[in-house]
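K.L.:
Next up, data_30.txt (compact mmCIF, C-alpha atoms).
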# COMPACT_ATOMS: atom_id res chain seq x y z
CA MET U 1 59.66 22.86 17.13
CA ALA U 2 57.62 25.05 19.47
CA LEU U 3 54.46 23.45 18.18
CA SER U 4 55.53 19.92 19.10
CA THR U 5 56.76 21.04 22.55
CA SER U 6 53.47 22.76 23.36
CA SER U 7 51.54 19.81 21.93
CA SER U 8 53.49 17.40 24.11
CA ALA U 9 52.80 19.56 27.15
CA LEU U 10 49.11 19.64 26.30
CA LEU U 11 49.01 15.85 25.97
CA ARG U 12 50.77 15.45 29.34
CA ARG U 13 48.18 17.76 30.96
CA LEU U 14 45.33 15.83 29.40
CA ALA U 15 46.81 12.51 30.48
CA SER U 16 47.34 13.65 34.06
CA SER U 17 43.85 15.17 34.35
CA SER U 18 42.15 12.11 32.92
CA THR U 19 39.79 10.41 35.35
CA ARG U 20 40.21 7.00 33.77
CA ALA U 21 43.50 5.28 34.43
CA SER U 22 43.18 3.11 31.33
CA SER U 23 43.01 6.03 28.87
CA VAL U 24 45.51 5.86 26.07
CA PHE U 25 46.56 8.88 24.02
CA ARG U 26 48.16 8.56 20.66
CA ALA U 27 49.33 11.50 18.60
CA THR U 28 51.02 11.74 15.28
CA PHE U 29 52.87 14.91 14.42
CA CYS U 30 53.68 15.68 10.84
CA SER U 31 56.76 17.68 10.10
CA SER U 32 57.95 19.12 6.85
CA SER U 33 61.53 18.05 7.50
CA SER U 34 62.53 14.93 5.61
CA GLY U 35 64.97 13.69 8.22
CA SER U 36 62.96 12.43 11.18
CA GLY U 37 59.93 10.26 11.65
CA PRO U 38 57.94 8.11 9.30
CA SER U 39 56.02 9.93 6.64
CA HIS U 40 52.34 9.19 6.32
CA THR U 41 50.81 9.48 2.91
CA PRO U 42 47.02 9.50 2.67
CA PRO U 43 45.44 6.69 0.71
CA PRO U 44 44.47 7.49 -2.84
CA PRO U 45 40.86 8.62 -3.27
CA SER U 46 39.97 5.42 -5.10
CA SER U 47 40.62 3.36 -1.97
CA ILE U 48 38.32 5.59 0.09
CA PHE U 49 35.33 5.25 -2.24
CA GLY U 50 36.15 1.81 -3.60
CA ASP U 51 38.74 0.84 -6.15
CA ASP U 52 38.13 0.71 -9.87
CA ALA U 53 37.55 -3.06 -9.84
CA GLU U 54 34.85 -2.61 -7.20
CA VAL U 55 33.15 0.12 -9.23
CA ALA U 56 33.37 -2.01 -12.38
CA ASN U 57 31.54 -4.88 -10.63
CA VAL U 58 28.36 -2.85 -10.16
CA PRO U 59 25.54 -4.68 -11.93
CA PRO U 60 23.96 -2.93 -14.92
CA LEU U 61 20.60 -1.27 -14.64
CA THR U 62 17.52 -3.32 -15.46
CA THR U 63 15.04 -0.43 -15.37
CA PRO U 64 15.14 3.15 -16.68
CA LYS U 65 13.72 4.41 -13.37
CA LEU U 66 16.06 5.83 -10.70
CA PHE U 67 15.54 6.46 -6.99
CA VAL U 68 17.01 9.78 -5.81
CA SER U 69 17.51 10.21 -2.06
CA GLY U 70 18.92 13.01 0.07
CA LEU U 71 16.85 15.73 -1.57
CA SER U 72 16.47 19.11 0.09
CA ARG U 73 13.04 20.15 1.35
CA LEU U 74 13.30 22.99 -1.18
CA THR U 75 13.74 20.72 -4.21
CA THR U 76 10.76 20.77 -6.57
CA ASP U 77 9.78 18.55 -9.49
CA GLU U 78 11.06 21.23 -11.86
CA LYS U 79 14.47 21.49 -10.14
CA LEU U 80 14.82 17.70 -10.17
CA GLN U 81 13.92 17.62 -13.85
CA GLY U 82 16.39 20.41 -14.62
CA ALA U 83 19.21 18.57 -12.86
CA PHE U 84 18.60 15.23 -14.61
CA ALA U 85 17.53 16.48 -18.07
CA PRO U 86 21.07 16.81 -19.56
CA PHE U 87 21.57 13.04 -19.49
CA GLY U 88 18.77 11.99 -21.85
CA ARG U 89 15.07 12.12 -22.60
CA LEU U 90 13.45 12.41 -19.20
CA LEU U 91 9.91 11.05 -19.04
CA GLU U 92 9.20 11.72 -15.37
CA ALA U 93 10.74 13.60 -12.44
CA LYS U 94 8.74 13.40 -9.24
CA VAL U 95 9.58 14.49 -5.69
CA VAL U 96 7.53 12.49 -3.18
CA THR U 97 5.38 14.43 -0.71
CA ASP U 98 3.56 13.40 2.44
CA ARG U 99 -0.17 12.98 1.79
CA VAL U 100 -1.29 14.49 5.07
CA SER U 101 1.09 17.40 5.64
CA GLY U 102 2.07 18.05 2.02
CA ARG U 103 5.75 18.35 3.01
CA LEU U 104 8.47 16.87 0.86
CA LYS U 105 9.83 13.53 2.11
CA GLY U 106 13.39 14.03 0.85
CA PHE U 107 13.39 11.53 -1.99
CA GLY U 108 12.02 11.18 -5.48
CA PHE U 109 12.11 9.28 -8.75
CA VAL U 110 13.27 10.02 -12.28
CA ARG U 111 12.44 7.89 -15.31
CA TYR U 112 14.24 7.96 -18.65
CA ALA U 113 13.24 6.66 -22.07
CA THR U 114 16.12 4.15 -22.21
CA ILE U 115 18.24 2.24 -19.75
CA GLU U 116 21.43 3.69 -21.26
CA GLU U 117 20.29 7.24 -20.43
CA ALA U 118 19.45 6.17 -16.89
CA GLU U 119 22.86 4.51 -16.56
CA LYS U 120 24.60 7.74 -17.59
CA ALA U 121 22.54 9.81 -15.14
CA TRP U 122 23.24 7.29 -12.37
CA GLN U 123 26.99 7.56 -12.91
CA GLU U 124 27.04 11.35 -13.29
CA MET U 125 24.60 12.43 -10.57
CA ASN U 126 25.35 10.00 -7.73
CA ALA U 127 26.90 11.82 -4.73
CA LYS U 128 26.52 15.27 -6.32
CA PHE U 129 25.08 18.47 -4.86
CA LEU U 130 21.52 19.57 -5.62
CA ASP U 131 20.07 22.57 -3.78
CA GLY U 132 22.97 22.46 -1.33
CA TRP U 133 22.46 18.80 -0.35
CA VAL U 134 24.35 15.69 -1.45
CA ILE U 135 22.00 13.42 -3.35
CA PHE U 136 22.35 9.70 -3.93
CA VAL U 137 21.06 7.95 -7.03
CA ASP U 138 20.23 4.25 -7.08
CA PRO U 139 18.20 1.95 -9.32
CA ALA U 140 14.53 2.00 -8.37
CA LYS U 141 13.20 -1.22 -6.95
CA PRO U 142 9.75 -2.47 -7.93
CA ARG U 143 7.03 -1.66 -5.45
CA GLN U 144 6.24 -4.58 -3.16
CA PRO U 145 2.52 -5.40 -2.90
CA LYS U 146 1.08 -4.71 0.52
CA PRO U 147 -0.44 -7.72 2.26
CA ALA U 148 -4.22 -7.78 2.43
CA PRO U 149 -5.60 -6.70 5.80
CA GLN U 150 -6.45 -9.61 8.07
CA GLN U 151 -10.06 -10.02 9.10
CA ASP U 152 -10.57 -10.35 12.84
CA THR U 153 -12.54 -13.56 13.32
CA ARG U 154 -13.10 -12.83 17.01
CA SER U 155 -15.60 -9.99 16.54
CA SER U 156 -18.91 -9.90 18.34
CA HIS U 157 -22.14 -10.92 16.63
CA ALA U 158 -23.43 -7.30 16.50
CA GLY U 159 -20.67 -6.25 14.09
CA PHE U 160 -18.56 -4.46 16.69
CA THR U 161 -14.99 -5.46 17.39
CA THR U 162 -13.61 -5.78 20.89
CA ASN U 163 -10.68 -3.63 21.93
CA LYS U 164 -7.92 -5.94 23.13
CA THR U 165 -5.81 -3.21 24.80
CA VAL U 166 -4.52 -4.21 28.21
CA GLY U 167 -3.46 -1.60 30.77
CA TRP U 168 -4.03 2.09 31.09
CA CYS U 169 -1.82 4.83 29.72
CA GLY U 170 -3.11 8.14 30.85
Write the structure described by the file as structure tokens, please.

P.N.:
Amino acid sequence: MALSTSSSALLRRLASSSTRASSVFRATFCSSSSGSGPSHTPPPPSSIFGDDAEVANVPPLTTPKLFVSGLSRLTTDEKLQGAFAPFGRLLEAKVVTDRVSGRLKGFGFVRYATIEEAEKAWQEMNAKFLDGWVIFVDPAKPRQPKPAPQQDTRSSHAGFTTNKTVGWCG
């Protein structure tokens, strides 16, 4: 009971020292006694992450290639391959790096021989730890073609283009 008395006193002090008059404090105290107060039971884990019907409605994979995000900067191609190898015949495991700096970008791709193997890896490895980080596995989307660069038709006759920058930043 001493805990709830001191907690009530703390809430009164916070409420009186609040600078905003419209502040509202709400506290719920849990007690082990079965006699007083409503008992609050936490929702089952399935309702936090989606119920079984929601998980069952996930569309099946259409490609054996998976996108893996949330990778640690210490994850290598070999570590990625080692983590995903138990789920089937792995054809490719690649961690994407920046071309200029050479640093890892934090995502990669794995490709299996069959869609069934990729499906199993997707279910087993999604939201799991790899190198101390939680990784997320999703179906890889096909690469979108980049639009062709537009030719500037307003260039000068000597082959030089005119800088259209307005203003000075310096």

K.L.:
Between atom CA of U:Arg143 and atom CA of U:Leu130, what distance in Å does the model show, to one decimal?

P.N.:
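These two atoms are separated by 25.7 Å.
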
K.L.:
Pick from U:Gln81, U:Ser69, U:Thr62, U:Thr97: nearest to U:Phe136, with all atoms listed in the file counted?

P.N.:
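Among the listed residues, the smallest separation from U:Phe136 belongs to U:Ser69.
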
K.L.:
What's the separation between atom CA of U:Leu71 and atom CA of U:Gly88, in Å to one decimal place?

P.N.:
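Pair atom CA of U:Leu71 / atom CA of U:Gly88 returns 20.7 Å.
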
K.L.:
Which residues are near U:Phe129? Cut-off 12 Å, all atoms listed in the file, ignore same chain within fewer than 5 positions. Put them as JSON, numbers by chain.

P.N.:
{"U": [68, 69, 70, 71, 72, 75, 80, 83, 124, 134, 135, 136, 137]}

K.L.:
Counting only C-alpha atoms, which of U:Pro142, U:Phe84, U:Lys65, U:Leu74 gets nearest to U:Lys128?

P.N.:
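Ranking U:Pro142, U:Phe84, U:Lys65, U:Leu74 by distance to U:Lys128, first place goes to U:Phe84.
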
K.L.:
Could you tell me how far atom CA of U:Asp131 sits from atom CA of U:Glu117, in Å to one decimal place?

P.N.:
22.6 Å

K.L.:
Would you mind telling me which residue in U:Lys141, U:Lys79, U:Arg73, U:Lys146 lies nearest to U:Gly102 when using only C-alpha atoms?

P.N.:
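Using only C-alpha atoms, the shortest distance to U:Gly102 belongs to U:Arg73.
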
K.L.:
At a cut-off of 10 Å, using all atoms listed in the file, what residues contact U:Glu116? Leave out same-chain residues fewer than 2 positions from it and give the result as a ChimeraX atom specification.

P.N.:
/U:60-64,87-88,112-114,118-122

K.L.:
Pick from U:Leu104, U:Arg89, U:Asn126, U:Asp98: nearest to U:Asp77, with only C-alpha atoms counted?

P.N.:
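Of the candidates, the smallest distance to U:Asp77 is held by U:Leu104.
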